[in-house]
Each structure stands twice: as structure tokens, then as C-alpha cells.
file upload_37.cif (mmCIF, C-alpha atoms (C1' of nucleotides))
data_query
loop_
_atom_site.label_atom_id
_atom_site.label_comp_id
_atom_site.auth_asym_id
_atom_site.auth_seq_id
_atom_site.Cartn_x
_atom_site.Cartn_y
_atom_site.Cartn_z
CA MET E 8 18.06 -8.01 -93.62
CA ARG E 9 20.27 -10.75 -92.34
CA ILE E 10 23.03 -10.32 -89.85
CA GLY E 11 25.74 -9.76 -92.42
CA ASP E 12 23.86 -6.86 -93.98
CA ILE E 13 23.33 -5.15 -90.67
CA ALA E 14 26.94 -5.69 -89.75
CA GLN E 15 28.10 -4.06 -92.93
CA ARG E 16 25.66 -1.18 -92.77
CA ALA E 17 26.36 -0.41 -89.16
CA GLY E 18 30.07 -1.03 -89.43
CA VAL E 19 30.38 -3.69 -86.78
CA SER E 20 31.18 -7.37 -86.82
CA THR E 21 28.55 -10.07 -86.81
CA ARG E 22 30.16 -11.27 -83.64
CA SER E 23 29.32 -7.97 -82.00
CA LEU E 24 25.72 -8.13 -83.16
CA ARG E 25 25.26 -11.57 -81.65
CA TYR E 26 26.90 -10.30 -78.50
CA TYR E 27 24.51 -7.36 -78.34
CA GLU E 28 21.61 -9.73 -78.67
CA GLU E 29 23.06 -11.97 -76.02
CA GLN E 30 23.25 -8.95 -73.74
CA GLY E 31 19.68 -7.99 -74.43
CA LEU E 32 20.54 -4.84 -76.34
CA LEU E 33 19.30 -5.88 -79.73
CA SER E 34 16.42 -8.07 -80.76
CA SER E 35 15.96 -10.06 -83.91
CA GLU E 36 13.34 -12.22 -85.43
CA ARG E 37 14.21 -15.62 -86.69
CA THR E 38 13.36 -17.40 -89.88
CA SER E 39 11.85 -20.85 -89.57
CA THR E 40 15.37 -22.23 -89.77
CA GLY E 41 16.77 -20.04 -87.05
CA GLN E 42 18.53 -17.33 -89.00
CA ARG E 43 18.36 -13.85 -87.59
CA THR E 44 16.37 -11.18 -89.38
CA TYR E 45 16.47 -7.48 -88.66
CA ALA E 46 14.43 -4.44 -89.56
CA GLU E 47 16.07 -1.39 -91.10
CA SER E 48 15.79 0.40 -87.81
CA ALA E 49 18.30 -2.03 -86.35
CA VAL E 50 21.08 -0.13 -88.08
CA GLU E 51 20.27 3.02 -86.17
CA ARG E 52 19.94 1.11 -82.99
CA VAL E 53 23.31 -0.53 -83.42
CA ARG E 54 24.87 2.85 -84.05
CA LEU E 55 23.36 4.14 -80.85
CA ILE E 56 24.61 1.13 -78.95
CA GLN E 57 28.06 1.69 -80.37
CA GLN E 58 27.93 5.30 -79.31
CA PHE E 59 27.29 4.23 -75.76
CA PHE E 60 29.98 1.61 -75.82
CA THR E 61 32.38 4.19 -77.12
CA ALA E 62 31.40 6.43 -74.27
CA GLY E 63 32.40 3.71 -71.86
CA LEU E 64 28.99 2.58 -70.73
CA PRO E 65 29.05 -1.11 -69.85
CA SER E 66 26.52 -3.34 -71.55
CA ARG E 67 24.50 -3.77 -68.39
CA THR E 68 23.94 -0.04 -68.20
CA ILE E 69 23.08 0.24 -71.85
CA GLN E 70 20.65 -2.56 -71.26
CA ARG E 71 18.85 -0.45 -68.72
CA VAL E 72 19.04 2.72 -70.75
CA LEU E 73 17.72 1.44 -74.04
CA PRO E 74 14.20 0.70 -72.80
CA CYS E 75 13.84 4.44 -72.35
CA VAL E 76 14.59 4.83 -76.02
CA ASP E 77 12.03 2.21 -76.92
CA SER E 78 9.26 3.44 -74.71
CA GLY E 79 10.01 7.12 -75.05
CA GLU E 80 9.68 7.51 -71.34
CA ALA E 81 11.63 6.69 -68.27
CA SER E 82 10.75 5.63 -64.79
CA ALA E 83 12.10 7.64 -61.92
CA GLU E 84 14.97 5.25 -61.39
CA ALA E 85 15.69 5.05 -65.09
CA LEU E 86 15.84 8.81 -65.20
CA ALA E 87 18.21 8.77 -62.30
CA LEU E 88 20.34 6.27 -64.15
CA LEU E 89 20.39 8.46 -67.23
CA GLU E 90 21.48 11.42 -65.20
CA ALA E 91 24.08 9.41 -63.32
CA GLU E 92 25.59 8.27 -66.58
CA ARG E 93 25.52 11.79 -67.86
CA ALA E 94 27.44 12.84 -64.81
CA ARG E 95 29.93 10.06 -65.33
CA ILE E 96 30.49 11.11 -68.88
CA THR E 97 30.98 14.69 -67.81
CA ALA E 98 33.53 13.58 -65.25
CA ALA E 99 35.30 11.50 -67.85
CA MET E 100 35.44 14.51 -70.12
CA ASP E 101 36.98 16.51 -67.30
CA ASP E 102 39.60 13.81 -66.79
CA LEU E 103 40.36 13.85 -70.47
CA ALA E 104 40.65 17.60 -70.44
CA ALA E 105 43.09 17.39 -67.56
CA ALA E 106 45.24 14.86 -69.37
CA ARG E 107 45.06 16.90 -72.53
CA ASP E 108 46.25 19.93 -70.61
CA ALA E 109 49.11 17.92 -69.16
CA LEU E 110 50.09 16.90 -72.66
CA ASP E 111 49.79 20.50 -73.76
CA ARG E 112 52.18 21.56 -71.05
CA MET E 113 54.64 18.93 -72.19
CA ILE E 114 54.27 19.96 -75.78
CA HIS E 115 54.79 23.57 -74.84
CA ILE E 116 57.93 22.78 -72.89
CA ALA E 117 59.19 20.58 -75.66
CA GLN E 118 58.75 23.39 -78.13
CA ASN E 119 60.15 26.13 -75.92
CA PRO E 120 63.10 24.54 -74.18
CA SER E 121 64.46 26.87 -71.55
CA ALA E 122 66.02 26.66 -68.13
CA GLU E 123 62.87 28.02 -66.51
CA HIS E 124 61.10 24.82 -67.30
CA CYS E 125 63.76 22.51 -66.04
CA PRO E 126 62.09 20.22 -63.52
CA ALA E 127 65.25 20.14 -61.48
CA LEU E 128 65.08 23.88 -60.89
CA ARG E 129 61.48 24.49 -60.00
CA GLU E 130 58.11 22.92 -59.55
CA PRO E 131 57.76 20.60 -62.49
CA ALA E 132 55.71 22.57 -64.97
CA TRP E 133 53.54 19.59 -65.78
CA ALA E 134 52.50 19.10 -62.21
CA PRO E 135 48.89 19.59 -61.15
CA PHE E 136 47.90 22.58 -59.10
CA GLU E 137 48.32 21.00 -55.71
CA GLY E 138 51.89 22.20 -55.36
CA ALA E 139 52.08 22.79 -51.65
CA GLY E 140 54.79 20.96 -49.80
CA SER E 141 56.98 19.03 -52.18
CA SER E 142 59.95 21.34 -52.05
CA ALA E 143 62.22 18.87 -50.30
CA GLY E 144 62.52 16.64 -53.32
CA ALA E 145 65.93 15.06 -53.67
CA GLN E 146 65.61 14.26 -57.36
CA THR E 147 68.14 11.52 -57.89
CA GLY E 148 67.08 11.02 -61.47
CA ALA E 149 67.72 7.33 -61.86
CA GLN E 150 66.56 7.33 -65.47
CA THR E 151 68.63 4.85 -67.36
CA GLY E 152 67.76 3.40 -70.72
CA VAL E 153 64.84 1.32 -69.63
CA LEU E 154 62.36 3.26 -71.68
CA THR E 155 63.59 2.27 -75.09
CA GLY E 156 61.03 0.05 -76.73
CA ALA E 157 60.94 -1.08 -80.31
CA GLN E 158 57.75 -1.77 -82.20
CA THR E 159 56.27 -1.01 -85.59
CA MET L 155 59.22 6.40 -48.11
CA ARG L 156 58.31 2.78 -48.57
CA ILE L 157 55.80 1.50 -51.03
CA GLY L 158 52.90 1.56 -48.61
CA ASP L 159 53.39 5.22 -47.86
CA ILE L 160 53.47 6.18 -51.50
CA ALA L 161 50.44 4.07 -52.19
CA GLN L 162 48.49 5.79 -49.47
CA ARG L 163 49.61 9.27 -50.40
CA ALA L 164 48.94 8.83 -54.08
CA GLY L 165 45.77 6.89 -53.56
CA VAL L 166 46.72 3.77 -55.45
CA SER L 167 47.40 0.18 -54.47
CA THR L 168 50.86 -1.17 -53.89
CA ARG L 169 50.09 -3.60 -56.66
CA SER L 170 49.69 -0.71 -59.03
CA LEU L 171 52.99 0.81 -57.98
CA ARG L 172 54.83 -2.44 -58.62
CA TYR L 173 53.04 -2.69 -61.90
CA TYR L 174 54.12 0.81 -62.87
CA GLU L 175 57.68 -0.08 -62.05
CA GLU L 176 57.41 -3.28 -64.02
CA GLN L 177 56.21 -1.21 -66.97
CA GLY L 178 59.09 1.20 -66.66
CA LEU L 179 56.95 4.12 -65.56
CA LEU L 180 58.25 4.50 -62.05
CA SER L 181 61.66 3.93 -60.57
CA SER L 182 62.61 3.11 -57.03
CA GLU L 183 65.73 2.58 -55.06
CA ARG L 184 66.17 -0.46 -52.94
CA THR L 185 67.39 -0.93 -49.42
CA SER L 186 70.11 -3.48 -48.87
CA THR L 187 67.38 -6.02 -48.21
CA GLY L 188 65.49 -5.32 -51.40
CA GLN L 189 62.68 -3.13 -50.16
CA ARG L 190 61.61 -0.32 -52.44
CA THR L 191 62.28 3.26 -51.43
CA TYR L 192 60.81 6.34 -53.04
CA ALA L 193 61.43 10.06 -52.98
CA GLU L 194 58.63 12.48 -52.21
CA SER L 195 58.45 13.37 -55.84
CA ALA L 196 57.18 9.89 -56.61
CA VAL L 197 53.77 10.92 -55.34
CA GLU L 198 53.45 13.57 -58.00
CA ARG L 199 54.72 11.25 -60.62
CA VAL L 200 52.24 8.57 -59.69
CA ARG L 201 49.44 11.09 -59.91
CA LEU L 202 50.56 12.07 -63.36
CA ILE L 203 50.71 8.45 -64.40
CA GLN L 204 47.22 7.94 -63.06
CA GLN L 205 46.02 10.93 -64.99
CA PHE L 206 47.29 9.39 -68.19
CA PHE L 207 45.82 6.02 -67.40
CA THR L 208 42.51 7.67 -66.68
CA ALA L 209 42.74 9.37 -70.03
CA GLY L 210 43.02 5.98 -71.65
CA LEU L 211 46.67 6.04 -72.58
CA PRO L 212 48.11 2.54 -72.53
CA SER L 213 51.18 1.93 -70.43
CA ARG L 214 53.42 1.61 -73.44
CA THR L 215 52.50 5.09 -74.54
CA ILE L 216 52.93 6.56 -71.09
CA GLN L 217 56.30 4.89 -71.04
CA ARG L 218 57.31 6.84 -74.10
CA VAL L 219 55.75 10.07 -72.93
CA LEU L 220 57.25 10.26 -69.47
CA PRO L 221 60.86 10.69 -70.59
CA CYS L 222 59.76 14.03 -72.00
CA VAL L 223 58.69 14.98 -68.52
CA ASP L 224 61.99 13.88 -67.08
CA SER L 225 64.21 15.52 -69.63
CA GLY L 226 62.03 18.57 -70.19
CA GLU L 227 62.43 18.14 -73.90
CA ALA L 228 61.16 15.89 -76.61
CA SER L 229 62.60 14.45 -79.77
CA ALA L 230 60.75 15.00 -82.99
CA GLU L 231 59.10 11.63 -82.80
CA ALA L 232 58.29 12.06 -79.15
CA LEU L 233 56.66 15.37 -79.97
CA ALA L 234 54.66 13.67 -82.70
CA LEU L 235 53.58 11.08 -80.18
CA LEU L 236 52.49 13.75 -77.75
CA GLU L 237 50.45 15.44 -80.41
CA ALA L 238 48.96 12.17 -81.63
CA GLU L 239 47.82 11.38 -78.11
CA ARG L 240 46.44 14.85 -77.77
CA ALA L 241 44.41 14.25 -80.90
CA ARG L 242 43.19 10.93 -79.60
CA ILE L 243 42.07 12.52 -76.40
CA THR L 244 40.27 15.22 -78.31
CA ALA L 245 38.51 12.60 -80.40
CA ALA L 246 37.55 10.71 -77.27
CA MET L 247 36.11 13.90 -75.84
CA ASP L 248 34.06 14.33 -78.97
CA ASP L 249 32.73 10.80 -78.65
CA LEU L 250 31.85 11.45 -75.05
CA ALA L 251 30.10 14.66 -76.00
CA ALA L 252 28.06 12.79 -78.59
CA ALA L 253 27.02 10.16 -76.09
CA ARG L 254 26.23 12.83 -73.54
CA ASP L 255 24.02 14.56 -76.08
CA ALA L 256 22.26 11.30 -76.81
CA LEU L 257 21.61 10.90 -73.11
CA ASP L 258 20.42 14.47 -72.96
CA ARG L 259 17.91 13.80 -75.69
CA MET L 260 16.64 10.80 -73.77
CA ILE L 261 16.43 12.76 -70.58
CA HIS L 262 14.57 15.51 -72.34
CA ILE L 263 12.11 13.08 -73.83
CA ALA L 264 11.70 11.34 -70.52
CA GLN L 265 10.90 14.61 -68.84
CA ASN L 266 8.60 15.94 -71.56
CA PRO L 267 6.58 12.96 -72.64
CA SER L 268 4.45 13.83 -75.64
CA ALA L 269 3.23 12.18 -78.79
CA GLU L 270 5.62 14.23 -80.88
CA HIS L 271 8.48 12.29 -79.45
CA CYS L 272 6.98 8.88 -79.89
CA PRO L 273 9.49 6.90 -81.91
CA ALA L 274 6.66 5.09 -83.67
CA LEU L 275 5.38 8.35 -85.15
CA ARG L 276 8.48 10.06 -86.37
CA GLU L 277 12.22 9.89 -86.67
CA PRO L 278 13.36 8.70 -83.28
CA ALA L 279 14.42 11.85 -81.54
CA TRP L 280 17.54 10.25 -80.18
CA ALA L 281 18.81 9.30 -83.60
CA PRO L 282 21.95 10.89 -84.99
CA PHE L 283 21.72 13.44 -87.74
CA GLU L 284 21.95 11.04 -90.64
CA GLY L 285 18.21 10.77 -91.03
CA ALA L 286 17.89 10.33 -94.78
CA GLY L 287 16.20 7.20 -95.99
CA SER L 288 14.70 5.33 -93.12
CA SER L 289 11.13 6.31 -93.85
CA ALA L 290 10.10 2.89 -95.10
CA GLY L 291 10.54 1.36 -91.68
CA ALA L 292 7.95 -1.30 -90.97
CA GLN L 293 8.32 -0.91 -87.25
CA THR L 294 7.19 -4.29 -86.02
CA GLY L 295 8.05 -3.37 -82.49
CA ALA L 296 8.99 -6.81 -81.25
CA GLN L 297 9.87 -5.46 -77.83
CA THR L 298 9.01 -8.17 -75.39
CA GLY L 299 10.36 -8.38 -71.93
CA VAL L 300 13.92 -9.19 -72.80
CA LEU L 301 15.28 -6.05 -71.26
CA THR L 302 14.17 -6.68 -67.76
CA GLY L 303 17.15 -7.40 -65.62
CA ALA L 304 17.24 -7.72 -61.88
CA GLN L 305 20.23 -6.72 -59.82
CA THR L 306 20.96 -5.18 -56.46
"C1'" DC C 47 22.45 -31.81 -107.27
"C1'" DT C 48 26.46 -29.16 -106.04
"C1'" DA C 49 29.51 -25.75 -104.89
"C1'" DA C 50 29.99 -21.35 -102.76
"C1'" DT C 51 28.63 -18.38 -99.42
"C1'" DC C 52 26.24 -17.23 -95.45
"C1'" DC C 53 24.37 -18.54 -91.21
"C1'" DT C 54 24.09 -21.13 -86.51
"C1'" DT C 55 25.86 -22.29 -81.62
"C1'" DG C 56 29.72 -23.04 -78.61
"C1'" DA C 57 33.82 -22.29 -76.75
"C1'" DC C 58 38.34 -20.71 -76.15
"C1'" DA C 59 41.79 -16.57 -76.84
"C1'" DT C 60 42.98 -11.73 -76.26
"C1'" DT C 61 44.19 -7.25 -74.11
"C1'" DG C 62 45.22 -4.30 -69.88
"C1'" DA C 63 45.33 -2.75 -65.45
"C1'" DC C 64 44.91 -4.39 -61.88
"C1'" DG C 65 43.09 -8.02 -57.49
"C1'" DT C 66 44.47 -11.67 -54.82
"C1'" DC C 67 46.66 -15.53 -52.87
"C1'" DA C 68 50.94 -18.02 -51.56
"C1'" DA C 69 55.36 -18.57 -49.33
"C1'" DG C 70 58.76 -16.33 -47.34
"C1'" DG C 71 61.89 -12.40 -45.47
"C1'" DG C 72 62.48 -7.59 -42.92
"C1'" DC C 73 61.89 -4.88 -38.93
"C1'" DA C 74 60.25 -2.56 -34.70
"C1'" DA C 75 58.05 -3.53 -29.98
"C1'" DG C 76 57.75 -6.28 -26.06
"C1'" DC Z 108 63.13 -14.43 -29.42
"C1'" DT Z 109 58.43 -13.85 -30.65
"C1'" DT Z 110 54.50 -11.37 -32.33
"C1'" DG Z 111 52.71 -8.55 -35.86
"C1'" DC Z 112 52.79 -5.82 -39.69
"C1'" DC Z 113 54.96 -4.54 -43.94
"C1'" DC Z 114 57.59 -6.00 -47.74
"C1'" DT Z 115 59.25 -9.31 -51.71
"C1'" DT Z 116 58.47 -12.17 -56.06
"C1'" DG Z 117 55.53 -15.10 -58.77
"C1'" DA Z 118 51.60 -16.56 -60.61
"C1'" DC Z 119 46.94 -16.98 -61.51
"C1'" DG Z 120 42.14 -14.58 -61.60
"C1'" DT Z 121 39.07 -10.82 -63.38
"C1'" DC Z 122 36.20 -8.06 -66.46
"C1'" DA Z 123 34.47 -6.71 -71.06
"C1'" DA Z 124 34.02 -6.46 -75.75
"C1'" DT Z 125 35.52 -8.84 -79.43
"C1'" DG Z 126 38.45 -12.14 -82.41
"C1'" DT Z 127 38.67 -16.64 -83.94
"C1'" DC Z 128 38.21 -21.46 -84.74
"C1'" DA Z 129 35.21 -25.55 -85.25
"C1'" DA Z 130 31.48 -28.35 -87.00
"C1'" DG Z 131 27.53 -28.23 -89.21
"C1'" DG Z 132 22.97 -26.38 -91.39
"C1'" DA Z 133 20.72 -22.82 -94.80
"C1'" DT Z 134 20.50 -20.37 -99.16
"C1'" DT Z 135 21.48 -19.37 -103.53
"C1'" DA Z 136 23.56 -19.53 -108.24
"C1'" DG Z 137 24.62 -22.69 -111.76
#
call {"tool": "encode", "arguments": {"input": "upload_37.cif", "output": "C-alpha cells"}}
result
Amino acid sequence: MRIGDIAQRAGVSTRSLRYYEEQGLLSSERTSTGQRTYAESAVERVRLIQQFFTAGLPSRTIQRVLPCVDSGEASAEALALLEAERARITAAMDDLAAARDALDRMIHIAQNPSAEHCPALREPAWAPFEGAGSSAGAQTGAQTGVLTGAQT
Amino acid sequence: MRIGDIAQRAGVSTRSLRYYEEQGLLSSERTSTGQRTYAESAVERVRLIQQFFTAGLPSRTIQRVLPCVDSGEASAEALALLEAERARITAAMDDLAAARDALDRMIHIAQNPSAEHCPALREPAWAPFEGAGSSAGAQTGAQTGVLTGAQT
DNA sequence: CTAATCCTTGACATTGACGTCAAGGGCAAG
DNA sequence: CTTGCCCTTGACGTCAATGTCAAGGATTAG
């Protein structure tokens, strides 16, 4: 399997594959003339790498995580790293959930327009739950037409 | 409230606040000498903006979402945008969950080392669920020492 | 052999939310 | 008025994964 095959099978660009190799995430053998050769298993590996990239792990972290995959075991510090990343992902999911809820509140307000939701009358309904001392707001509402943007 | 106060209260840099303004996400009044002045409510707004940034929304999208907050209502297309972003966030959460599960599998293997999990013997336990035709793998195991990286 | 297609390395471009530095003005305390 | 801190605009730097272009070698079909 040459690089183009792997790229197609794993759904990534050849550029990415060379980058992964450059980062020490993916290994390849070379033909006598220098062309990269991969085993079938590389496809799975690339998919795993992609999964981590999608999850926001930087290449340096993936680089330290993958050896655990290869060896099937992890040192104490590697295990700590795994768990730290797990925690980071969990936190990221919480952040996403919070933003999703904020959007949900907006969607709800947009679908049920009523005076009760007017931000000028009460605590803005989209606000987080820290509402404690912001009652003195002099909402001057300087919204002009700045927000109009035109693109495809 | 001048820009430094808002920055401190909202936990962001003054640079970020100017950037938000530049992107049309945050408005400010100016003193006669050009210094920015904010209402208390700006703190909440900045936190909301941050929440969206954390969720991965690009500034252009936030720029089109925030008017819904201000007006308390959304046009049809704005509502579609809100729902599209909600879907994107949901998808991102799914990706994160998948990566978290992959990490969990690694952690589990790392904590329960046994031959059954050895990737050389069977389907790598961390692999996704597409295991179908990779049985012919001639696992040459060319793992050398490429993955060793030294930092901090 | 030759053309077509794939591969190689190298290097520069991109996108986005900032950091950071520069040069200068505002403002309160002494 | 001077010191010191905060503010202004402008512009360039950063990081990370990837796109893209360039110049040339490798492979393969004819």
C-alpha cells in the first residue's frame, strides 16, 4: 500500500499522512527508492489518529498516547496522561453542553416570543446561573446595523 | 467601567475585548477622549461570547447569533442558523464521546494487562467497530524508538 | 522509450483568536 | 508639572493542522 491508497482508504490527504509521520504518529517502510509503504493496519491507525485530532488532542499528546496503543500497556505517567486527557475531553463536553443549552434558550425564546423574555424587562433568559448583582444595568442598546454580513 | 475593569471581571484580556468589538460582538461607548466605556451588562455578554468561542463557534457565526439575544427574537434564517449550530455542537459532542471511549479502552487495557488484549493476537481492542476484513494483517511491527520525545 | 500518474522533499500560505510590542495620549496623585 | 498607570491604534507574531506550489524522481501502461 502506497501513500495514496492509505489516504483514500482512511479519508485523509497524503499531506496529512506525511505530517503524521513527521510528528512521529505514523511509521512507514520505504522502498529502495524512498517511497513510503504501509501495512493494512495503517488505515485503522490513521482513523484513530483522526479521532484524537477531532477530539482536540494536539499532535504532541497523541504522540505520547499512541505508544500505549502499540504496547498495550502504559507507564504510570502515561496512564496519568490518558486520564488527564479524558478529563479534558469531559470538560470540553461540558462546555459544549453549556453552549448548546444557551442556544436552546435562544431557540426557545425565538419560537415563543413574549414580553416575559424581553431582556430589557428581566434577567436576560440566556444568561448563565450566576445572576446575583447585575440589576443596575442601564441597557442603552447601541445596536446599529453593524451585524449585517454578506457571504454565500 | 473601563476596558480593564471589564477584562478583569469577565476574565479575559483587554486584547480580546478589543477584538470582540472589532468583530462586531461587543459595543462600547467612548469618552470624549476616545476611551472605551462599558455598562455592567457587558460582563455577562462577554461571558456568553466566551461560551460560544469555547464551543467552537467562529466569530462570524457568533456575530449573527448575538442579535437574537439582543432582540429576543430570530428571523427564519437566524433560527436555522441557531439550529445548525446546535447540530454542530451535538456532532462535536459525539466526536468527543468517541475519543473519550477510545481513551477509556486504552486506560482499561493499561490497567488490566493481559494477553487477550495484545494487539498482535487479536483485533486491537481500541479499534472502532468496523472490524470486518483486516484479518490478513502481516503485522511487521516496525515500532522503533521514534515515539520517544523529551519535554519538560 | 515515452507519456501519464504517482511519489519525494521543501517551503510558503492559510485560518482564527489571540499575544505582544511600539509610540503616543489620558488622568489621578504628589 | 511630573510620575505612573491605564488607555488608544496599528501591526506583526504565534500555534496547529493542512493546502498548495515547485522541481524532480519512480512506476506503470502502451
call {"tool": "residues_around", "arguments": {"input": "upload_37.cif", "residues": "Asp159 in chain L", "least_positions_apart": "2", "cutoff": "10 Å", "atoms": "only C-alpha atoms (C1' of nucleotides)", "output": "list in words"}}
result
Met155, Arg156, Ile157, Ala161, Gln162, Arg163, Ala164, Gly165, Thr168, Thr191, Tyr192, Glu194 and Val197 of chain L
call {"tool": "atom_distance", "arguments": {"input": "upload_37.cif", "atom1": "CA of Gly79 in chain E", "atom2": "CA of His262 in chain L"}}
result
9.9 Å
call {"tool": "interface_residues", "arguments": {"input": "upload_37.cif", "of": "chain L", "to": "chain C", "cutoff": "10 Å", "atoms": "all atoms listed in the file", "output": "ChimeraX atom specification"}}
result
/L:167,169-170,173-174,187-189,207,212-213
call {"tool": "resolve_selection", "arguments": {"input": "upload_37.cif", "expression": "the PyMOL selection byres ((chain L and resi 232-242) around 8)", "output": "JSON list (two decimals) with C-alpha atoms, keeping the file's coordinate frame"}}
result
[["chain", "number", "residue", "atom", "x", "y", "z"],
["E", 107, "ARG", "CA", 45.06, 16.90, -72.53],
["E", 110, "LEU", "CA", 50.09, 16.90, -72.66],
["E", 111, "ASP", "CA", 49.79, 20.50, -73.76],
["E", 113, "MET", "CA", 54.64, 18.93, -72.19],
["E", 114, "ILE", "CA", 54.27, 19.96, -75.78],
["E", 117, "ALA", "CA", 59.19, 20.58, -75.66],
["L", 211, "LEU", "CA", 46.67, 6.04, -72.58],
["L", 218, "ARG", "CA", 57.31, 6.84, -74.10],
["L", 219, "VAL", "CA", 55.75, 10.07, -72.93],
["L", 222, "CYS", "CA", 59.76, 14.03, -72.00],
["L", 228, "ALA", "CA", 61.16, 15.89, -76.61],
["L", 229, "SER", "CA", 62.60, 14.45, -79.77],
["L", 230, "ALA", "CA", 60.75, 15.00, -82.99],
["L", 231, "GLU", "CA", 59.10, 11.63, -82.80],
["L", 243, "ILE", "CA", 42.07, 12.52, -76.40],
["L", 244, "THR", "CA", 40.27, 15.22, -78.31],
["L", 245, "ALA", "CA", 38.51, 12.60, -80.40],
["L", 246, "ALA", "CA", 37.55, 10.71, -77.27]]
call {"tool": "atom_distance", "arguments": {"input": "upload_37.cif", "atom1": "CA of Pro221 in chain L", "atom2": "CA of Gly178 in chain L"}}
result
10.4 Å
call {"tool": "interface_residues", "arguments": {"input": "upload_37.cif", "of": "chain Z", "to": "chain L", "cutoff": "10 Å", "atoms": "all atoms listed in the file", "output": "PyMOL selection string"}}
result
chain Z and resi 113-115
call {"tool": "atom_distance", "arguments": {"input": "upload_37.cif", "atom1": "CA of Gly63 in chain E", "atom2": "CA of Ala253 in chain L"}}
result
9.4 Å
call {"tool": "closest_residue", "arguments": {"input": "upload_37.cif", "among": "E:Thr68, E:Arg112, E:Phe59, E:Ile13", "to": "chain L", "atoms": "all atoms listed in the file"}}
result
E:Phe59
call {"tool": "closest_residue", "arguments": {"input": "upload_37.cif", "among": "L:Ala256, L:Ile216, L:Leu171, L:Leu250", "to": "chain E", "atoms": "all atoms listed in the file"}}
result
L:Leu250
call {"tool": "axis_aligned_box", "arguments": {"input": "upload_37.cif", "around": "range 103-112 of chain E", "padding_each_side": "6 Å", "output": "lines of an AutoDock Vina configuration file"}}
result
center_x = 46.3
center_y = 17.7
center_z = -70.7
size_x = 23.8
size_y = 19.7
size_z = 18.2
call {"tool": "closest_residue", "arguments": {"input": "upload_37.cif", "among": "E:Glu80, E:Asp101, E:Asp108, E:Glu28", "to": "chain L", "atoms": "all atoms listed in the file"}}
result
E:Glu80
call {"tool": "closest_residue", "arguments": {"input": "upload_37.cif", "among": "E:Leu73, E:Val19, E:Ala62, E:Leu33", "to": "chain L", "atoms": "only C-alpha atoms"}}
result
E:Ala62
